[in-house]
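This report refers to the structure that appears directly beneath it.
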Protein chains: 2
Amino acid sequence: MIHPKAIKLPAGIEIIQKSKLLHDDVIDNADLRRGDVTLQKKYGKKTAVICGDYLFCVALNLVASISNKEDYLDLNMQNYMGKVCLGELNQYLNNGNLNLSMYQYLKIIDGKTAALFEASFYAGAIFSDCKETECKRYKQLGHYIGMIFQLIDDCIDFEKTVDVAKKPVQSDFEQGVITLPLIKALEDMSEFKEKASNNQVTRKDINDAVNKAGGLKFTHWVVSRYHAKSMKIINELELTESKKNKLISILNKAAHLA
Amino acid sequence: MIHPKAIKLPAGIEIIQKSKLLHDDVIDNADLRRGDVTLQKKYGKKTAVICGDYLFCVALNLVASISNKEDYLDLNMQNYMGKVCLGELNQYLNNGNLNLSMYQYLKIIDGKTAALFEASFYAGAIFSDCKETECKRYKQLGHYIGMIFQLIDDCIDFEKTVDVAKKPVQSDFEQGVITLPLIKALEDMSEFKEKASNNQVTRKDINDAVNKAGGLKFTHWVVSRYHAKSMKIINELELTESKKNKLISILNKAAHLA
């Protein structure tokens with residue numbers, strides 16, 4: 001029999017993620033999400049804001065219903081969600097900031113994306129009655145896989161077409177979202193940076209600069225570093241061969257290696 | 001010494017309220033709140049949505065930090081917040097609905113306003129170690145005072161100037177928000193309702209119709225019914241004379257009788 005917590009917790013996290021996506025689509029004015037028309041496009045921003053708020057309450061309710069201080073360690077979904085909001089705010093405050101450093105960028109994606117992966121892995125370990133050291137390992141693994149997921153997602157904006165990505169591509173810069181492939185180009189090519197500061201770059205200029213600076217290659221190298229750290233943790237975990245292979249397949253899926 | 005819960009709880013509820021106001025101002029496209037420029041006007045809708053989400057997390061964190069299943073009865077802030085969202089959604093779905101009944105209207109304001117008053121009164125009673133029957137009385141009193149607050153607030157849109165109200169007035173109908181004074185006019189005057197259905201009414205027509213139908217008088221009569229019910233509960237509570245007078249003064253303030 002599947003433990004009720006093993007259903008309620010991922011359901012809660014999935015609903016939290018949906019609630020954030022509803023607000024993200026309002027914030028980004030996005031028309032498309034996973035190949036479908038967004039709620040904000042179809043029913044308007046007001047409905048999307050309210051529905052996002054409602055889903056968030058439903059989700060926290062679900063998570064709270066399984067909370068149990070004894071086996072709960074310090075998992076605290078509200079805290080994680082606060083981290084997600086701060087990551088988003090941090091991203092927005094740095095909208096169009098061509099001086100964004102790699103360190104600042106990694107901090108932003110830690111909040112806006114990796115925090116929820118971390119919470120999911122951590123909670124799963126806690127509710128599986130893992131020992132505290134094992135729980136901490138899963139938590140760290142969740143963080144790494146979340147970072148990988150976002151780094152790859154930021155590459156997709158340059159590498160894929162809208163048909164393959166099933167969401168808008170070639171649009172991060174246009175929305176003022178500065179990601180690692182572009183940061184590499186801005187750091188390496190001062191002339192390009194100056195043109196960008198003066199709003200004198202086309203989409204083609206950006207793609208050319210990112211290619212020339214090896215921005216995508218560099219980002220995939222950063223991914224490979226997180227991948228190696230993840231593999232180290234997976235090898236330290238006390239796991240059956242079958243579970244280990246499942247974790248590796250999740251990791252490789254995030255890294256688009258599978 | 002003041003009990004820590006007596007600070008953390010109202011602080012949490014106040015922050016929840018603020019987070020809702022930030023989103024409300026986005027939803028209503030409002031420029032002014034309590035006499036000040038709104039965050040959405042000053043920093044944009046994106047910032048206001050994210051800040052609202054963040055404050056909500058901070059608040060739930062505060063409330064969760066004092067939760068204690070033994071003395072907590074069934075207070076459940078996420079549940080109350082879900083009710084608030086559903087009330088707002090219900091209001092928005094009925095935007096411009098000239099057939100809105102008094103019953104539907106009361107259900108909407110129960111969710112969007114009275115629920116948070118109810119939660120505040122209930123939580124206060126729980127944390128003051130009141131007996132269960134007393135807690136239920138406070139909960140009911142909070143509901144009534146919340147209903148009164150919103151009914152009076154809906155009258156202000158017709159009765160006051162922007163200088164006195166310190167927020168936009170004469171604007172509910174223009175935003176598609178149908179309130180009780182207008183419902184009375186729509187129910188009593190079929191000719192006015194037909195003109196309104198065909199978008200042929202000016203603000204003056206609306207004010208005239210509400211006056212002619214006694215919409216404000218009727219709404220104040222409904223307030224007086226809730227006031228009487230509130231007084232009955234206050235008289236049943238086991239209170240010192242001084243505390244009783246404080247409660248009556250809160251009630252009268254909501255009803256604009258003080």
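So you can find residues: chains in the structure tokens are A, B, ... in the order shown, residues in each start at 1, and ligands are numbered from 1 in order.
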So that I can see what lies close to Ser120 in chain A, please list as a PDB file with C-alpha atoms, in the first residue's frame the residues with an atom at most 8 Å from it, counting only C-alpha atoms and leaving out residues fewer than 3 positions away in the same chain.
```
ATOM      1  CA  PRO A  10       3.847  15.450  -4.203  1.00  0.00           C
ATOM      2  CA  ILE A  13       4.090  20.424  -4.372  1.00  0.00           C
ATOM      3  CA  LEU A 116      11.151  23.717  -4.996  1.00  0.00           C
ATOM      4  CA  PHE A 117      13.249  20.779  -6.261  1.00  0.00           C
ATOM      5  CA  ALA A 123      10.320  16.046   1.933  1.00  0.00           C
ATOM      6  CA  GLY A 124      10.371  12.735   0.079  1.00  0.00           C
ATOM      7  CA  GLY A 142      17.366  18.190  -5.163  1.00  0.00           C
TER       8      GLY A 142
END
```
**Message:** Give me the residues near range 30-33 of chain A as an MDAnalysis selection string, where near means some atom within 12 Å (using only C-alpha atoms) and where sequence neighbours in that chain fewer than 2 positions away do not count.
**Reply:** chainID A and resid 18 21:28 35:45 48 162:163 165:169 171:172 175
Selection to disk with N, CA and C atoms, as a PDB file, in the first residue's frame:
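As a result, out-v2.pdb now contains:
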```
ATOM      1  N   LYS A  18       1.978  24.687  -9.899  1.00  0.00           N
ATOM      2  CA  LYS A  18       0.951  25.199 -10.818  1.00  0.00           C
ATOM      3  C   LYS A  18       0.558  26.630 -10.429  1.00  0.00           C
ATOM      4  N   LEU A  21       3.121  28.954 -11.591  1.00  0.00           N
ATOM      5  CA  LEU A  21       3.097  29.107 -13.053  1.00  0.00           C
ATOM      6  C   LEU A  21       2.002  30.079 -13.481  1.00  0.00           C
ATOM      7  N   LEU A  22       0.837  29.999 -12.805  1.00  0.00           N
ATOM      8  CA  LEU A  22      -0.252  30.923 -13.135  1.00  0.00           C
ATOM      9  C   LEU A  22       0.205  32.369 -12.944  1.00  0.00           C
ATOM     10  N   HIS A  23       0.895  32.631 -11.820  1.00  0.00           N
ATOM     11  CA  HIS A  23       1.374  33.994 -11.562  1.00  0.00           C
ATOM     12  C   HIS A  23       2.535  34.355 -12.495  1.00  0.00           C
ATOM     13  N   ASP A  24       3.400  33.374 -12.771  1.00  0.00           N
ATOM     14  CA  ASP A  24       4.510  33.630 -13.713  1.00  0.00           C
ATOM     15  C   ASP A  24       3.972  34.078 -15.063  1.00  0.00           C
ATOM     16  N   ASP A  25       2.914  33.417 -15.512  1.00  0.00           N
ATOM     17  CA  ASP A  25       2.375  33.758 -16.833  1.00  0.00           C
ATOM     18  C   ASP A  25       1.769  35.159 -16.830  1.00  0.00           C
ATOM     19  N   VAL A  26       1.209  35.570 -15.677  1.00  0.00           N
ATOM     20  CA  VAL A  26       0.727  36.956 -15.556  1.00  0.00           C
ATOM     21  C   VAL A  26       1.918  37.907 -15.644  1.00  0.00           C
ATOM     22  N   ILE A  27       2.962  37.585 -14.856  1.00  0.00           N
ATOM     23  CA  ILE A  27       4.142  38.450 -14.771  1.00  0.00           C
ATOM     24  C   ILE A  27       4.844  38.546 -16.129  1.00  0.00           C
ATOM     25  N   ASP A  28       4.954  37.397 -16.817  1.00  0.00           N
ATOM     26  CA  ASP A  28       5.674  37.377 -18.104  1.00  0.00           C
ATOM     27  C   ASP A  28       4.761  37.707 -19.284  1.00  0.00           C
ATOM     28  N   GLY A  35       2.643  24.157 -24.429  1.00  0.00           N
ATOM     29  CA  GLY A  35       1.899  23.954 -25.672  1.00  0.00           C
ATOM     30  C   GLY A  35       0.444  24.402 -25.619  1.00  0.00           C
ATOM     31  N   ASP A  36      -0.040  24.795 -24.434  1.00  0.00           N
ATOM     32  CA  ASP A  36      -1.433  25.236 -24.318  1.00  0.00           C
ATOM     33  C   ASP A  36      -1.528  26.742 -24.058  1.00  0.00           C
ATOM     34  N   VAL A  37      -2.678  27.299 -24.426  1.00  0.00           N
ATOM     35  CA  VAL A  37      -2.931  28.711 -24.136  1.00  0.00           C
ATOM     36  C   VAL A  37      -2.969  28.890 -22.622  1.00  0.00           C
ATOM     37  N   THR A  38      -2.326  29.947 -22.109  1.00  0.00           N
ATOM     38  CA  THR A  38      -2.285  30.160 -20.657  1.00  0.00           C
ATOM     39  C   THR A  38      -3.636  30.681 -20.143  1.00  0.00           C
ATOM     40  N   LEU A  39      -3.861  30.455 -18.859  1.00  0.00           N
ATOM     41  CA  LEU A  39      -5.093  30.931 -18.217  1.00  0.00           C
ATOM     42  C   LEU A  39      -5.191  32.445 -18.305  1.00  0.00           C
ATOM     43  N   GLN A  40      -4.041  33.142 -18.111  1.00  0.00           N
ATOM     44  CA  GLN A  40      -4.078  34.609 -18.136  1.00  0.00           C
ATOM     45  C   GLN A  40      -4.471  35.122 -19.513  1.00  0.00           C
ATOM     46  N   LYS A  41      -4.075  34.368 -20.575  1.00  0.00           N
ATOM     47  CA  LYS A  41      -4.424  34.774 -21.942  1.00  0.00           C
ATOM     48  C   LYS A  41      -5.913  34.511 -22.187  1.00  0.00           C
ATOM     49  N   LYS A  42      -6.386  33.361 -21.696  1.00  0.00           N
ATOM     50  CA  LYS A  42      -7.759  32.929 -21.999  1.00  0.00           C
ATOM     51  C   LYS A  42      -8.789  33.641 -21.135  1.00  0.00           C
ATOM     52  N   TYR A  43      -8.498  33.777 -19.835  1.00  0.00           N
ATOM     53  CA  TYR A  43      -9.504  34.334 -18.920  1.00  0.00           C
ATOM     54  C   TYR A  43      -9.094  35.664 -18.293  1.00  0.00           C
ATOM     55  N   GLY A  44      -7.928  36.153 -18.630  1.00  0.00           N
ATOM     56  CA  GLY A  44      -7.512  37.459 -18.117  1.00  0.00           C
ATOM     57  C   GLY A  44      -6.642  37.357 -16.879  1.00  0.00           C
ATOM     58  N   LYS A  45      -5.896  38.448 -16.619  1.00  0.00           N
ATOM     59  CA  LYS A  45      -4.924  38.478 -15.531  1.00  0.00           C
ATOM     60  C   LYS A  45      -5.585  38.384 -14.159  1.00  0.00           C
ATOM     61  N   ALA A  48      -6.362  34.863 -13.307  1.00  0.00           N
ATOM     62  CA  ALA A  48      -5.117  34.104 -13.111  1.00  0.00           C
ATOM     63  C   ALA A  48      -4.489  34.415 -11.754  1.00  0.00           C
ATOM     64  N   VAL A 162       9.999  26.881 -31.073  1.00  0.00           N
ATOM     65  CA  VAL A 162       8.791  26.885 -30.252  1.00  0.00           C
ATOM     66  C   VAL A 162       8.050  25.551 -30.352  1.00  0.00           C
ATOM     67  N   ASP A 163       8.131  24.880 -31.514  1.00  0.00           N
ATOM     68  CA  ASP A 163       7.449  23.592 -31.692  1.00  0.00           C
ATOM     69  C   ASP A 163       8.029  22.521 -30.783  1.00  0.00           C
ATOM     70  N   ALA A 165      10.095  23.188 -28.049  1.00  0.00           N
ATOM     71  CA  ALA A 165      10.108  23.632 -26.656  1.00  0.00           C
ATOM     72  C   ALA A 165       8.695  23.664 -26.062  1.00  0.00           C
ATOM     73  N   LYS A 166       7.688  23.783 -26.919  1.00  0.00           N
ATOM     74  CA  LYS A 166       6.291  23.914 -26.489  1.00  0.00           C
ATOM     75  C   LYS A 166       6.075  25.095 -25.551  1.00  0.00           C
ATOM     76  N   LYS A 167       6.871  26.120 -25.734  1.00  0.00           N
ATOM     77  CA  LYS A 167       6.711  27.390 -25.017  1.00  0.00           C
ATOM     78  C   LYS A 167       7.482  28.441 -25.809  1.00  0.00           C
ATOM     79  N   PRO A 168       7.261  29.733 -25.513  1.00  0.00           N
ATOM     80  CA  PRO A 168       7.969  30.746 -26.303  1.00  0.00           C
ATOM     81  C   PRO A 168       9.485  30.569 -26.186  1.00  0.00           C
ATOM     82  N   VAL A 169      10.206  30.712 -27.283  1.00  0.00           N
ATOM     83  CA  VAL A 169      11.673  30.704 -27.227  1.00  0.00           C
ATOM     84  C   VAL A 169      12.168  32.034 -27.796  1.00  0.00           C
ATOM     85  N   SER A 171      13.056  34.573 -26.353  1.00  0.00           N
ATOM     86  CA  SER A 171      12.247  35.630 -25.743  1.00  0.00           C
ATOM     87  C   SER A 171      12.776  36.093 -24.387  1.00  0.00           C
ATOM     88  N   ASP A 172      13.739  35.359 -23.775  1.00  0.00           N
ATOM     89  CA  ASP A 172      14.226  35.750 -22.447  1.00  0.00           C
ATOM     90  C   ASP A 172      14.777  37.183 -22.473  1.00  0.00           C
ATOM     91  N   GLN A 175      12.311  39.846 -22.711  1.00  0.00           N
ATOM     92  CA  GLN A 175      11.580  40.066 -21.454  1.00  0.00           C
ATOM     93  C   GLN A 175      12.502  40.670 -20.394  1.00  0.00           C
TER      94      GLN A 175
END
```
**Prompt:** Closest to chain A among B:Tyr92, B:Tyr138, B:Tyr226, B:Trp221, using only C-alpha atoms?
**Reply:**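 Closest to chain A of all the choices is B:Tyr92.
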**Asked** Which distance in Å separates CA of Lys83 in chain A and CA of Tyr80 in chain B, to one decimal?
**Response**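 These two atoms are separated by 23.1 Å.
With only C-alpha atoms as the atoms that count, the residue of B:Gln104, B:Asn211, B:Thr219, B:Asn29 with the shortest distance to chain A is B:Asn29.
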**Prompt:** What lies within 10 Å of Glu134 in chain A using only C-alpha atoms, ignoring chain neighbours under 3 positions off, as a list in words?
**Reply:**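 With the cut-off at 10 Å, the set is Tyr122, Ala125, Ile126, Asp129, Cys130, Lys131, Arg137, Tyr138, Lys139, Gln140, Ile233, Glu236, Leu237 and Glu238 of chain A.
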**Message:** Between CA of Lys112 in chain A and CA of Phe149 in chain A, what distance in Å does the model show, to one decimal?
**Reply:** 11.5 Å
**Item:** Within 12 Å of Ala228 in chain A using only C-alpha atoms, minus same-chain residues under 3 positions, as a VMD selection string
**Value:** chain A and resid 141 144 to 145 148 221 to 225 231 to 235 248 251 to 252 255
**Message:** Quick check for you: according to DSSP on this backbone, which residues of range 30-258 of chain B are classed as strand (DSSP E or B)? Reply as a list in words.
**Reply:**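 Result set for range 30-258 of chain B (strand (DSSP E or B)): Leu32, Arg33, Asp36 and Val37 of chain B.
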Resulting file, chosen residues, N, CA and C atoms, as a CSV table (one decimal), in the first residue's frame:
```csv
chain,number,residue,atom,x,y,z
B,32,LEU,N,-5.0,54.2,-5.8
B,32,LEU,CA,-5.0,54.7,-4.5
B,32,LEU,C,-5.5,53.7,-3.4
B,33,ARG,N,-4.8,53.7,-2.3
B,33,ARG,CA,-5.2,52.8,-1.2
B,33,ARG,C,-4.9,53.5,0.1
B,36,ASP,N,-2.8,56.6,-0.1
B,36,ASP,CA,-1.4,56.5,-0.7
B,36,ASP,C,-1.5,55.8,-2.1
B,37,VAL,N,-0.5,56.2,-2.9
B,37,VAL,CA,-0.3,55.5,-4.2
B,37,VAL,C,-0.1,54.0,-4.0
```
Within 7 Å of chain B, which residues of chain A are there when counting only C-alpha atoms? Please give them as a PDB file with C-alpha atoms, in the first residue's frame.
```pdb
ATOM      1  CA  ILE A  27       4.142  38.450 -14.771  1.00  0.00           C
ATOM      2  CA  LYS A  46      -7.427  38.990 -12.700  1.00  0.00           C
ATOM      3  CA  THR A  47      -8.677  35.415 -12.848  1.00  0.00           C
ATOM      4  CA  ILE A  50      -6.936  34.873  -7.920  1.00  0.00           C
ATOM      5  CA  ASP A  53      -3.717  32.462  -4.826  1.00  0.00           C
ATOM      6  CA  TYR A  54      -6.430  29.862  -4.363  1.00  0.00           C
ATOM      7  CA  CYS A  57      -3.893  27.848  -0.298  1.00  0.00           C
ATOM      8  CA  VAL A  58      -5.176  24.439  -1.394  1.00  0.00           C
ATOM      9  CA  LEU A  60      -0.397  24.473   1.649  1.00  0.00           C
ATOM     10  CA  ASN A  61      -3.508  22.932   3.167  1.00  0.00           C
ATOM     11  CA  GLN A  78       6.046  28.360   3.536  1.00  0.00           C
ATOM     12  CA  ASN A  79       9.722  29.125   3.995  1.00  0.00           C
ATOM     13  CA  MET A  81       7.806  29.279  -1.009  1.00  0.00           C
ATOM     14  CA  GLY A  82       9.110  32.554   0.411  1.00  0.00           C
ATOM     15  CA  CYS A  85       9.120  34.528  -4.290  1.00  0.00           C
ATOM     16  CA  LEU A  86      12.372  36.250  -3.342  1.00  0.00           C
ATOM     17  CA  LEU A  89      11.583  39.343  -7.121  1.00  0.00           C
TER      18      LEU A  89
END
```
**Item:** Polymer residues at most 10 Å from Val210 in chain B, only C-alpha atoms, same-chain spacing of 4 or more positions, as a ChimeraX atom specification
**Value:** /B:158,180-186,188-189,204-206,214-217
**Prompt:** What gap, in Å, lies between CA of Ile7 in chain B and CA of Phe127 in chain B?
**Reply:**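 Pair CA of Ile7 in chain B / CA of Phe127 in chain B returns 10.8 Å.
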**Request:** List every residue of range 14-138 of chain A that DSSP, applied to the backbone of this structure, places in helix (DSSP H, G or I), and write the result as a PyMOL selection string.
**Result:** chain A and resi 14-28+39-43+45-66+77-93+102-127+132-138
